[in-house]
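Asks: I'm passing along input-v8.txt; it holds compact mmCIF, N, CA and C atoms.
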# COMPACT_ATOMS: atom_id res chain seq x y z
N MET Q 1 -18.80 -38.80 -31.41
CA MET Q 1 -18.80 -39.36 -30.07
C MET Q 1 -18.30 -38.30 -29.08
N ASP Q 2 -19.00 -38.17 -27.97
CA ASP Q 2 -18.61 -37.18 -26.96
C ASP Q 2 -17.41 -37.67 -26.18
N LYS Q 3 -16.54 -36.73 -25.96
CA LYS Q 3 -15.38 -37.06 -25.13
C LYS Q 3 -15.69 -36.75 -23.67
N LEU Q 4 -15.36 -37.65 -22.83
CA LEU Q 4 -15.54 -37.42 -21.40
C LEU Q 4 -14.38 -36.60 -20.88
N LYS Q 5 -14.72 -35.65 -20.04
CA LYS Q 5 -13.67 -34.83 -19.43
C LYS Q 5 -12.90 -35.67 -18.43
N GLU Q 6 -11.61 -35.52 -18.50
CA GLU Q 6 -10.79 -36.19 -17.49
C GLU Q 6 -10.72 -35.29 -16.26
N THR Q 7 -11.07 -35.85 -15.14
CA THR Q 7 -10.98 -35.08 -13.91
C THR Q 7 -9.86 -35.66 -13.08
N THR Q 8 -9.06 -34.77 -12.60
CA THR Q 8 -7.97 -35.21 -11.74
C THR Q 8 -8.18 -34.63 -10.36
N THR Q 9 -7.95 -35.43 -9.38
CA THR Q 9 -8.07 -34.98 -8.00
C THR Q 9 -6.74 -34.37 -7.58
N PRO Q 10 -6.78 -33.12 -7.08
CA PRO Q 10 -5.54 -32.49 -6.63
C PRO Q 10 -4.91 -33.27 -5.48
N THR Q 11 -3.60 -33.36 -5.49
CA THR Q 11 -2.91 -34.09 -4.43
C THR Q 11 -2.43 -33.17 -3.31
N ASP Q 12 -2.23 -31.89 -3.62
CA ASP Q 12 -1.77 -30.94 -2.60
C ASP Q 12 -2.94 -30.48 -1.74
N LYS Q 13 -2.63 -30.16 -0.50
CA LYS Q 13 -3.64 -29.64 0.41
C LYS Q 13 -3.51 -28.12 0.47
N ILE Q 14 -4.59 -27.47 0.89
CA ILE Q 14 -4.59 -26.01 1.00
C ILE Q 14 -4.95 -25.59 2.42
N TYR Q 15 -4.69 -24.31 2.70
CA TYR Q 15 -5.10 -23.68 3.96
C TYR Q 15 -6.31 -22.80 3.64
N LYS Q 16 -7.43 -23.05 4.28
CA LYS Q 16 -8.63 -22.25 4.07
C LYS Q 16 -8.45 -20.87 4.73
N GLU Q 17 -9.35 -19.94 4.40
CA GLU Q 17 -9.24 -18.56 4.88
C GLU Q 17 -9.21 -18.48 6.40
N ARG Q 18 -10.05 -19.25 7.06
CA ARG Q 18 -10.11 -19.20 8.53
C ARG Q 18 -8.79 -19.70 9.12
N ALA Q 19 -8.20 -20.72 8.51
CA ALA Q 19 -6.91 -21.23 8.97
C ALA Q 19 -5.83 -20.15 8.81
N ILE Q 20 -5.90 -19.40 7.73
CA ILE Q 20 -4.93 -18.33 7.51
C ILE Q 20 -5.10 -17.24 8.56
N TRP Q 21 -6.35 -16.93 8.90
CA TRP Q 21 -6.60 -15.91 9.93
C TRP Q 21 -6.05 -16.36 11.28
N VAL Q 22 -6.41 -17.57 11.68
CA VAL Q 22 -5.97 -18.09 12.98
C VAL Q 22 -4.46 -18.24 13.01
N GLY Q 23 -3.89 -18.80 11.95
CA GLY Q 23 -2.44 -19.01 11.90
C GLY Q 23 -1.66 -17.72 11.95
N SER Q 24 -2.13 -16.70 11.23
CA SER Q 24 -1.41 -15.42 11.25
C SER Q 24 -1.58 -14.72 12.59
N PHE Q 25 -2.74 -14.85 13.22
CA PHE Q 25 -2.94 -14.23 14.53
C PHE Q 25 -2.04 -14.87 15.57
N LEU Q 26 -1.93 -16.19 15.54
CA LEU Q 26 -1.09 -16.90 16.52
C LEU Q 26 0.40 -16.81 16.17
N GLY Q 27 0.73 -16.96 14.91
CA GLY Q 27 2.13 -17.10 14.50
C GLY Q 27 2.78 -15.87 13.93
N GLY Q 28 2.02 -14.85 13.59
CA GLY Q 28 2.60 -13.63 13.06
C GLY Q 28 2.48 -13.52 11.55
N PRO Q 29 2.91 -12.39 11.02
CA PRO Q 29 2.75 -12.13 9.59
C PRO Q 29 3.54 -13.07 8.70
N LEU Q 30 4.64 -13.62 9.19
CA LEU Q 30 5.39 -14.57 8.36
C LEU Q 30 4.59 -15.85 8.11
N ILE Q 31 3.81 -16.26 9.08
CA ILE Q 31 2.98 -17.45 8.92
C ILE Q 31 1.86 -17.17 7.92
N ALA Q 32 1.32 -15.95 7.95
CA ALA Q 32 0.32 -15.58 6.95
C ALA Q 32 0.92 -15.71 5.55
N GLY Q 33 2.13 -15.19 5.37
CA GLY Q 33 2.80 -15.29 4.09
C GLY Q 33 3.08 -16.73 3.71
N TYR Q 34 3.48 -17.54 4.68
CA TYR Q 34 3.76 -18.95 4.41
C TYR Q 34 2.50 -19.67 3.94
N PHE Q 35 1.38 -19.48 4.66
CA PHE Q 35 0.14 -20.15 4.29
C PHE Q 35 -0.34 -19.72 2.90
N ILE Q 36 -0.27 -18.43 2.63
CA ILE Q 36 -0.72 -17.92 1.34
C ILE Q 36 0.18 -18.43 0.22
N ALA Q 37 1.50 -18.43 0.44
CA ALA Q 37 2.43 -18.93 -0.58
C ALA Q 37 2.21 -20.42 -0.83
N GLU Q 38 1.98 -21.19 0.23
CA GLU Q 38 1.72 -22.62 0.07
C GLU Q 38 0.43 -22.86 -0.71
N ASN Q 39 -0.57 -22.01 -0.48
CA ASN Q 39 -1.80 -22.14 -1.26
C ASN Q 39 -1.54 -21.88 -2.74
N TYR Q 40 -0.76 -20.85 -3.02
CA TYR Q 40 -0.44 -20.57 -4.43
C TYR Q 40 0.28 -21.75 -5.07
N LYS Q 41 1.18 -22.39 -4.33
CA LYS Q 41 1.86 -23.57 -4.86
C LYS Q 41 0.87 -24.70 -5.12
N ALA Q 42 -0.04 -24.93 -4.18
CA ALA Q 42 -1.03 -26.00 -4.33
C ALA Q 42 -1.99 -25.71 -5.48
N LEU Q 43 -2.22 -24.43 -5.73
CA LEU Q 43 -3.12 -24.03 -6.82
C LEU Q 43 -2.37 -23.86 -8.14
N ASN Q 44 -1.13 -24.34 -8.17
CA ASN Q 44 -0.29 -24.32 -9.37
C ASN Q 44 -0.04 -22.90 -9.88
N ASP Q 45 0.34 -22.01 -8.96
CA ASP Q 45 0.66 -20.63 -9.31
C ASP Q 45 1.98 -20.23 -8.64
N PRO Q 46 3.12 -20.80 -9.11
CA PRO Q 46 4.39 -20.56 -8.44
C PRO Q 46 4.87 -19.10 -8.50
N GLU Q 47 4.47 -18.37 -9.52
CA GLU Q 47 4.88 -16.97 -9.62
C GLU Q 47 4.30 -16.14 -8.47
N ASN Q 48 3.03 -16.35 -8.17
CA ASN Q 48 2.43 -15.63 -7.05
C ASN Q 48 2.94 -16.14 -5.71
N ALA Q 49 3.36 -17.39 -5.65
CA ALA Q 49 3.97 -17.90 -4.42
C ALA Q 49 5.26 -17.14 -4.13
N LYS Q 50 6.08 -16.92 -5.16
CA LYS Q 50 7.31 -16.14 -4.98
C LYS Q 50 7.00 -14.69 -4.65
N ALA Q 51 6.01 -14.12 -5.34
CA ALA Q 51 5.64 -12.73 -5.10
C ALA Q 51 5.13 -12.53 -3.67
N THR Q 52 4.48 -13.55 -3.12
CA THR Q 52 3.99 -13.46 -1.74
C THR Q 52 5.13 -13.18 -0.78
N TRP Q 53 6.26 -13.88 -0.96
CA TRP Q 53 7.41 -13.64 -0.09
C TRP Q 53 8.03 -12.27 -0.35
N THR Q 54 7.96 -11.78 -1.57
CA THR Q 54 8.48 -10.46 -1.90
C THR Q 54 7.75 -9.38 -1.11
N TYR Q 55 6.46 -9.61 -0.84
CA TYR Q 55 5.68 -8.64 -0.07
C TYR Q 55 5.66 -8.96 1.42
N THR Q 56 5.71 -10.22 1.78
CA THR Q 56 5.60 -10.60 3.19
C THR Q 56 6.76 -10.09 4.02
N ILE Q 57 7.97 -10.19 3.52
CA ILE Q 57 9.15 -9.79 4.31
C ILE Q 57 9.15 -8.29 4.60
N PRO Q 58 8.98 -7.40 3.61
CA PRO Q 58 8.93 -5.97 3.96
C PRO Q 58 7.74 -5.60 4.85
N ILE Q 59 6.60 -6.26 4.63
CA ILE Q 59 5.43 -5.97 5.48
C ILE Q 59 5.71 -6.40 6.91
N THR Q 60 6.40 -7.51 7.09
CA THR Q 60 6.76 -7.96 8.44
C THR Q 60 7.68 -6.95 9.11
N ILE Q 61 8.66 -6.44 8.39
CA ILE Q 61 9.56 -5.42 8.96
C ILE Q 61 8.77 -4.17 9.33
N LEU Q 62 7.84 -3.77 8.48
CA LEU Q 62 6.99 -2.61 8.78
C LEU Q 62 6.15 -2.85 10.03
N ILE Q 63 5.61 -4.05 10.15
CA ILE Q 63 4.80 -4.38 11.34
C ILE Q 63 5.66 -4.37 12.60
N PHE Q 64 6.87 -4.93 12.53
CA PHE Q 64 7.78 -4.91 13.67
C PHE Q 64 8.10 -3.46 14.06
N SER Q 65 8.38 -2.64 13.09
CA SER Q 65 8.69 -1.23 13.36
C SER Q 65 7.50 -0.54 14.01
N SER Q 66 6.32 -0.77 13.46
CA SER Q 66 5.11 -0.17 14.02
C SER Q 66 4.85 -0.64 15.44
N ALA Q 67 5.13 -1.91 15.69
CA ALA Q 67 4.91 -2.46 17.03
C ALA Q 67 5.81 -1.80 18.06
N LEU Q 68 6.95 -1.28 17.63
CA LEU Q 68 7.84 -0.59 18.57
C LEU Q 68 7.43 0.86 18.80
N ILE Q 69 6.82 1.48 17.80
CA ILE Q 69 6.49 2.90 17.89
C ILE Q 69 5.08 3.14 18.40
N ILE Q 70 4.11 2.40 17.89
CA ILE Q 70 2.70 2.67 18.19
C ILE Q 70 2.36 2.51 19.68
N PRO Q 71 2.86 1.50 20.39
CA PRO Q 71 2.48 1.38 21.80
C PRO Q 71 2.94 2.55 22.68
N LYS Q 72 3.78 3.42 22.15
CA LYS Q 72 4.20 4.59 22.91
C LYS Q 72 3.04 5.57 23.08
N PHE Q 73 2.04 5.48 22.18
CA PHE Q 73 0.87 6.34 22.29
C PHE Q 73 -0.02 5.82 23.42
N GLU Q 74 -0.55 6.75 24.20
CA GLU Q 74 -1.41 6.35 25.31
C GLU Q 74 -2.71 5.76 24.79
N ASN Q 75 -3.23 4.83 25.51
CA ASN Q 75 -4.53 4.21 25.24
C ASN Q 75 -4.63 3.51 23.89
N PHE Q 76 -3.51 3.08 23.32
CA PHE Q 76 -3.56 2.35 22.06
C PHE Q 76 -3.72 0.87 22.37
N PRO Q 77 -4.77 0.23 21.86
CA PRO Q 77 -4.96 -1.20 22.12
C PRO Q 77 -3.93 -2.03 21.34
N SER Q 78 -3.00 -2.64 22.04
CA SER Q 78 -1.92 -3.37 21.37
C SER Q 78 -2.42 -4.59 20.60
N LEU Q 79 -3.59 -5.08 20.93
CA LEU Q 79 -4.16 -6.21 20.22
C LEU Q 79 -4.59 -5.83 18.80
N LEU Q 80 -4.69 -4.54 18.54
CA LEU Q 80 -5.12 -4.07 17.23
C LEU Q 80 -4.13 -4.43 16.13
N ILE Q 81 -2.83 -4.47 16.43
CA ILE Q 81 -1.82 -4.78 15.41
C ILE Q 81 -1.99 -6.20 14.88
N PRO Q 82 -2.00 -7.25 15.73
CA PRO Q 82 -2.20 -8.59 15.17
C PRO Q 82 -3.59 -8.80 14.56
N LEU Q 83 -4.59 -8.16 15.11
CA LEU Q 83 -5.93 -8.28 14.52
C LEU Q 83 -5.95 -7.70 13.11
N THR Q 84 -5.24 -6.60 12.91
CA THR Q 84 -5.23 -5.94 11.60
C THR Q 84 -4.53 -6.77 10.55
N TYR Q 85 -3.31 -7.26 10.84
CA TYR Q 85 -2.63 -8.04 9.80
C TYR Q 85 -3.28 -9.41 9.60
N SER Q 86 -3.90 -9.96 10.64
CA SER Q 86 -4.61 -11.23 10.47
C SER Q 86 -5.84 -11.06 9.58
N MET Q 87 -6.56 -9.98 9.80
CA MET Q 87 -7.74 -9.72 8.96
C MET Q 87 -7.30 -9.41 7.53
N GLY Q 88 -6.18 -8.70 7.38
CA GLY Q 88 -5.66 -8.43 6.04
C GLY Q 88 -5.31 -9.71 5.30
N ALA Q 89 -4.67 -10.64 5.98
CA ALA Q 89 -4.31 -11.92 5.36
C ALA Q 89 -5.57 -12.72 5.02
N TYR Q 90 -6.54 -12.70 5.91
CA TYR Q 90 -7.81 -13.39 5.66
C TYR Q 90 -8.49 -12.84 4.41
N LEU Q 91 -8.62 -11.50 4.35
CA LEU Q 91 -9.29 -10.88 3.21
C LEU Q 91 -8.53 -11.10 1.91
N PHE Q 92 -7.20 -11.03 1.98
CA PHE Q 92 -6.38 -11.27 0.80
C PHE Q 92 -6.62 -12.67 0.26
N SER Q 93 -6.56 -13.66 1.16
CA SER Q 93 -6.73 -15.05 0.72
C SER Q 93 -8.15 -15.29 0.21
N LYS Q 94 -9.13 -14.69 0.84
CA LYS Q 94 -10.52 -14.86 0.40
C LYS Q 94 -10.73 -14.25 -0.98
N TYR Q 95 -10.19 -13.07 -1.21
CA TYR Q 95 -10.41 -12.37 -2.47
C TYR Q 95 -9.59 -12.98 -3.61
N TYR Q 96 -8.30 -13.20 -3.36
CA TYR Q 96 -7.41 -13.64 -4.43
C TYR Q 96 -7.33 -15.16 -4.59
N GLN Q 97 -7.55 -15.90 -3.52
CA GLN Q 97 -7.42 -17.35 -3.60
C GLN Q 97 -8.74 -18.09 -3.40
N GLY Q 98 -9.76 -17.39 -2.95
CA GLY Q 98 -11.05 -18.02 -2.65
C GLY Q 98 -11.62 -18.86 -3.77
N PRO Q 99 -11.74 -18.31 -4.99
CA PRO Q 99 -12.28 -19.13 -6.08
C PRO Q 99 -11.42 -20.36 -6.37
N GLY Q 100 -10.10 -20.21 -6.33
CA GLY Q 100 -9.21 -21.34 -6.56
C GLY Q 100 -9.33 -22.39 -5.46
N MET Q 101 -9.50 -21.92 -4.22
CA MET Q 101 -9.68 -22.86 -3.10
C MET Q 101 -10.98 -23.64 -3.26
N GLU Q 102 -12.05 -22.95 -3.64
CA GLU Q 102 -13.34 -23.64 -3.81
C GLU Q 102 -13.25 -24.66 -4.93
N ALA Q 103 -12.62 -24.30 -6.04
CA ALA Q 103 -12.45 -25.25 -7.16
C ALA Q 103 -11.60 -26.44 -6.73
N HIS Q 104 -10.58 -26.16 -5.93
CA HIS Q 104 -9.70 -27.22 -5.42
C HIS Q 104 -10.50 -28.23 -4.59
N LEU Q 105 -11.32 -27.72 -3.69
CA LEU Q 105 -12.11 -28.58 -2.82
C LEU Q 105 -13.21 -29.31 -3.59
N GLU Q 106 -13.83 -28.62 -4.55
CA GLU Q 106 -14.89 -29.25 -5.35
C GLU Q 106 -14.35 -30.39 -6.22
N SER Q 107 -13.09 -30.29 -6.62
CA SER Q 107 -12.51 -31.35 -7.46
C SER Q 107 -11.90 -32.47 -6.62
N GLY Q 108 -12.16 -32.45 -5.32
CA GLY Q 108 -11.72 -33.54 -4.47
C GLY Q 108 -10.45 -33.26 -3.68
N GLY Q 109 -9.93 -32.04 -3.81
CA GLY Q 109 -8.74 -31.65 -3.05
C GLY Q 109 -9.06 -31.52 -1.57
N GLU Q 110 -8.03 -31.54 -0.76
CA GLU Q 110 -8.23 -31.49 0.69
C GLU Q 110 -7.61 -30.23 1.27
N GLU Q 111 -7.98 -29.96 2.50
CA GLU Q 111 -7.38 -28.85 3.25
C GLU Q 111 -6.62 -29.42 4.44
N PHE Q 112 -5.65 -28.63 4.91
CA PHE Q 112 -4.86 -29.07 6.06
C PHE Q 112 -5.72 -29.07 7.31
N GLY Q 113 -5.39 -29.97 8.24
CA GLY Q 113 -6.11 -30.07 9.50
C GLY Q 113 -5.62 -29.04 10.51
N TRP Q 114 -6.43 -28.85 11.55
CA TRP Q 114 -6.13 -27.84 12.56
C TRP Q 114 -4.87 -28.16 13.37
N GLY Q 115 -4.55 -29.43 13.52
CA GLY Q 115 -3.32 -29.78 14.26
C GLY Q 115 -2.09 -29.21 13.58
N ARG Q 116 -2.00 -29.37 12.27
CA ARG Q 116 -0.87 -28.82 11.51
C ARG Q 116 -0.88 -27.29 11.56
N ILE Q 117 -2.05 -26.71 11.43
CA ILE Q 117 -2.16 -25.24 11.43
C ILE Q 117 -1.66 -24.68 12.75
N ILE Q 118 -2.10 -25.26 13.86
CA ILE Q 118 -1.68 -24.77 15.18
C ILE Q 118 -0.19 -25.01 15.39
N TRP Q 119 0.30 -26.18 15.02
CA TRP Q 119 1.72 -26.51 15.18
C TRP Q 119 2.61 -25.52 14.41
N ILE Q 120 2.29 -25.27 13.16
CA ILE Q 120 3.08 -24.33 12.35
C ILE Q 120 2.96 -22.93 12.93
N SER Q 121 1.79 -22.56 13.43
CA SER Q 121 1.61 -21.24 14.02
C SER Q 121 2.46 -21.06 15.27
N ILE Q 122 2.56 -22.09 16.08
CA ILE Q 122 3.40 -22.02 17.29
C ILE Q 122 4.87 -21.89 16.89
N LEU Q 123 5.29 -22.66 15.89
CA LEU Q 123 6.66 -22.52 15.39
C LEU Q 123 6.89 -21.11 14.86
N GLY Q 124 5.90 -20.58 14.17
CA GLY Q 124 5.99 -19.21 13.66
C GLY Q 124 6.07 -18.19 14.78
N LEU Q 125 5.35 -18.44 15.86
CA LEU Q 125 5.40 -17.54 17.02
C LEU Q 125 6.80 -17.50 17.61
N VAL Q 126 7.41 -18.67 17.75
CA VAL Q 126 8.79 -18.74 18.27
C VAL Q 126 9.74 -17.99 17.32
N LEU Q 127 9.59 -18.25 16.02
CA LEU Q 127 10.43 -17.57 15.03
C LEU Q 127 10.20 -16.06 15.06
N THR Q 128 8.96 -15.64 15.22
CA THR Q 128 8.65 -14.21 15.29
C THR Q 128 9.30 -13.57 16.51
N PHE Q 129 9.26 -14.24 17.67
CA PHE Q 129 9.91 -13.69 18.86
C PHE Q 129 11.42 -13.58 18.67
N ILE Q 130 12.01 -14.59 18.05
CA ILE Q 130 13.45 -14.54 17.79
C ILE Q 130 13.78 -13.39 16.85
N MET Q 131 13.00 -13.27 15.78
CA MET Q 131 13.24 -12.19 14.82
C MET Q 131 13.02 -10.82 15.44
N MET Q 132 11.98 -10.69 16.27
CA MET Q 132 11.71 -9.41 16.93
C MET Q 132 12.85 -9.05 17.88
N PHE Q 133 13.35 -10.04 18.60
CA PHE Q 133 14.48 -9.80 19.49
C PHE Q 133 15.69 -9.32 18.70
N LEU Q 134 16.01 -10.01 17.60
CA LEU Q 134 17.14 -9.61 16.76
C LEU Q 134 16.92 -8.23 16.15
N PHE Q 135 15.70 -7.95 15.74
CA PHE Q 135 15.36 -6.65 15.16
C PHE Q 135 15.60 -5.54 16.18
N VAL Q 136 15.10 -5.73 17.41
CA VAL Q 136 15.29 -4.73 18.46
C VAL Q 136 16.77 -4.60 18.81
N PHE Q 137 17.48 -5.72 18.89
CA PHE Q 137 18.91 -5.72 19.21
C PHE Q 137 19.69 -4.92 18.17
N ILE Q 138 19.39 -5.13 16.89
CA ILE Q 138 20.10 -4.43 15.82
C ILE Q 138 19.78 -2.95 15.81
N ILE Q 139 18.50 -2.58 15.90
CA ILE Q 139 18.20 -1.15 15.84
C ILE Q 139 18.61 -0.44 17.12
N ASP Q 140 18.67 -1.14 18.24
CA ASP Q 140 19.20 -0.53 19.47
C ASP Q 140 20.70 -0.31 19.33
N GLY Q 141 21.39 -1.28 18.74
CA GLY Q 141 22.83 -1.14 18.50
C GLY Q 141 23.15 0.00 17.56
N LEU Q 142 22.26 0.26 16.63
CA LEU Q 142 22.45 1.37 15.69
C LEU Q 142 22.04 2.70 16.30
N GLY Q 143 21.41 2.65 17.48
CA GLY Q 143 21.01 3.87 18.17
C GLY Q 143 19.73 4.49 17.63
N ILE Q 144 18.91 3.73 16.94
CA ILE Q 144 17.69 4.29 16.38
C ILE Q 144 16.42 3.78 17.07
N LEU Q 145 16.58 3.07 18.17
CA LEU Q 145 15.42 2.60 18.93
C LEU Q 145 14.78 3.79 19.63
N PRO Q 146 13.46 3.98 19.45
CA PRO Q 146 12.81 5.12 20.12
C PRO Q 146 12.86 4.97 21.63
N ALA Q 147 13.04 6.10 22.30
CA ALA Q 147 13.16 6.09 23.76
C ALA Q 147 11.83 5.96 24.44
Any chance you could give the structure as structure tokens?

Replies:
Amino acid sequence: MDKLKETTTPTDKIYKERAIWVGSFLGGPLIAGYFIAENYKALNDPENAKATWTYTIPITILIFSSALIIPKFENFPSLLIPLTYSMGAYLFSKYYQGPGMEAHLESGGEEFGWGRIIWISILGLVLTFIMMFLFVFIIDGLGILPA
């Protein structure tokens, strides 16, 4: 007698690639890390969720540092920095999470709505401004802020 496969519908929601791009562009690199880590959790991969934060925090510091130095160059389009890390987050999620996201959706799983994505991105933007202010305050206090 053939056994029927048991199919379970995932209960966790995911952030699709486009949501990750928009969220990271609006909210900053920490939001990209948050969305990607939450996807790993929803896809039952807690090790990669932890690893995401291991990479997100140093990359965010590097981006903040670059944002202070690069605009000193003449004719540098400042919009290039957020476009670059947003595209990086999009491509990362598409390549590493894309098949898992498709399987999740095909098995009846859901994705988060745009209201939540925009709301979290705005909160991330506020958090990014606070962190950038603190970052500049600390490196200025240490005397290493470029003139």

Asks: Calculated over all atoms listed in the file, which of the candidates Q:Trp21, Q:Ile130, Q:Leu43, Q:Trp119 has the smallest distance to Gly100 in chain Q?

Replies: Q:Leu43

Asks: Leaving out range 44-58 of chain Q and any residue of its chain fewer than 3 positions from it, which residues lie within 8 Å of it when counting all atoms listed in the file, given as a PyMOL selection string?

Replies: chain Q and resi 29-30+32-34+36-41+61-64

Asks: Considering only C-alpha atoms, return as a ChimeraX atom specification whatever protein or nucleic-acid residues lie within 9 Å of Gly124 in chain Q, sequence-local ones (same chain, fewer than 6 positions apart) excluded.

Replies: /Q:23-24,26-31

Asks: Report as a list of chain:residue names: the residues of range 5-142 of chain Q with a DSSP assignment of strand (DSSP E or B), based on the backbone of this structure.

Replies: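 Answer for range 5-142 of chain Q restricted to strand (DSSP E or B) is Q:Lys13, Q:Ile14, Q:Glu110, Q:Glu111.
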
Asks: Find the distance between CA of Leu91 in chain Q and CA of Ala67 in chain Q and write it in Å to one decimal.

Replies: 21.5 Å

Asks: So that I can check the secondary structure, give me every residue of chain Q assigned helix (DSSP H, G or I) by backbone DSSP, as a PyMOL selection string.

Replies: chain Q and resi 17-27+29-42+46-72+80-106+114-141

Asks: Could you please determine the separation between atom N of Phe25 in chain Q and CA of Ser86 in chain Q in Å, to one decimal place?

Replies: 4.9 Å

Asks: How far is it from atom C of Ala89 in chain Q to atom N of Tyr15 in chain Q, in Å with one decimal?

Replies: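 Atom N of Tyr15 in chain Q lies 11.9 Å from atom C of Ala89 in chain Q.
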
Asks: Looking at Q:Ser65, Q:Ile144, Q:Val22, Q:Thr8, which one is nearest to Ile120 in chain Q, with distances taken over only C-alpha atoms?

Replies: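 The answer is Q:Val22, which sits nearest to Ile120 in chain Q.
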
Asks: Measuring atom to atom with only C-alpha atoms, identify which of Q:Ile20, Q:Ile14, Q:Thr9, Q:Ser107 is nearest to Ser93 in chain Q.

Replies: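 Residue with the minimum atom-to-atom distance to Ser93 in chain Q: Q:Ile20.
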
Asks: Select, from Q:Ile69, Q:Ile118, Q:Asn75, Q:Glu106, the residue with the minimum atom-to-atom distance to Ala19 in chain Q, counting only N, CA and C atoms.

Replies: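 Closest to Ala19 in chain Q of all the choices is Q:Ile118.
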
Asks: With distances taken over only C-alpha atoms, which of Q:Thr128, Q:Gln97, Q:Ser66, Q:Ser121 is nearest to Glu17 in chain Q?

Replies: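 Ranked by minimum distance to Glu17 in chain Q, first place goes to Q:Gln97.
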
Asks: Rank nothing, just name the residue among Q:Phe35, Q:Phe137, Q:Lys94, Q:Thr60 nearest to Pro82 in chain Q, using only C-alpha atoms.

Replies: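 Among the listed residues, Q:Thr60 lies closest to Pro82 in chain Q.
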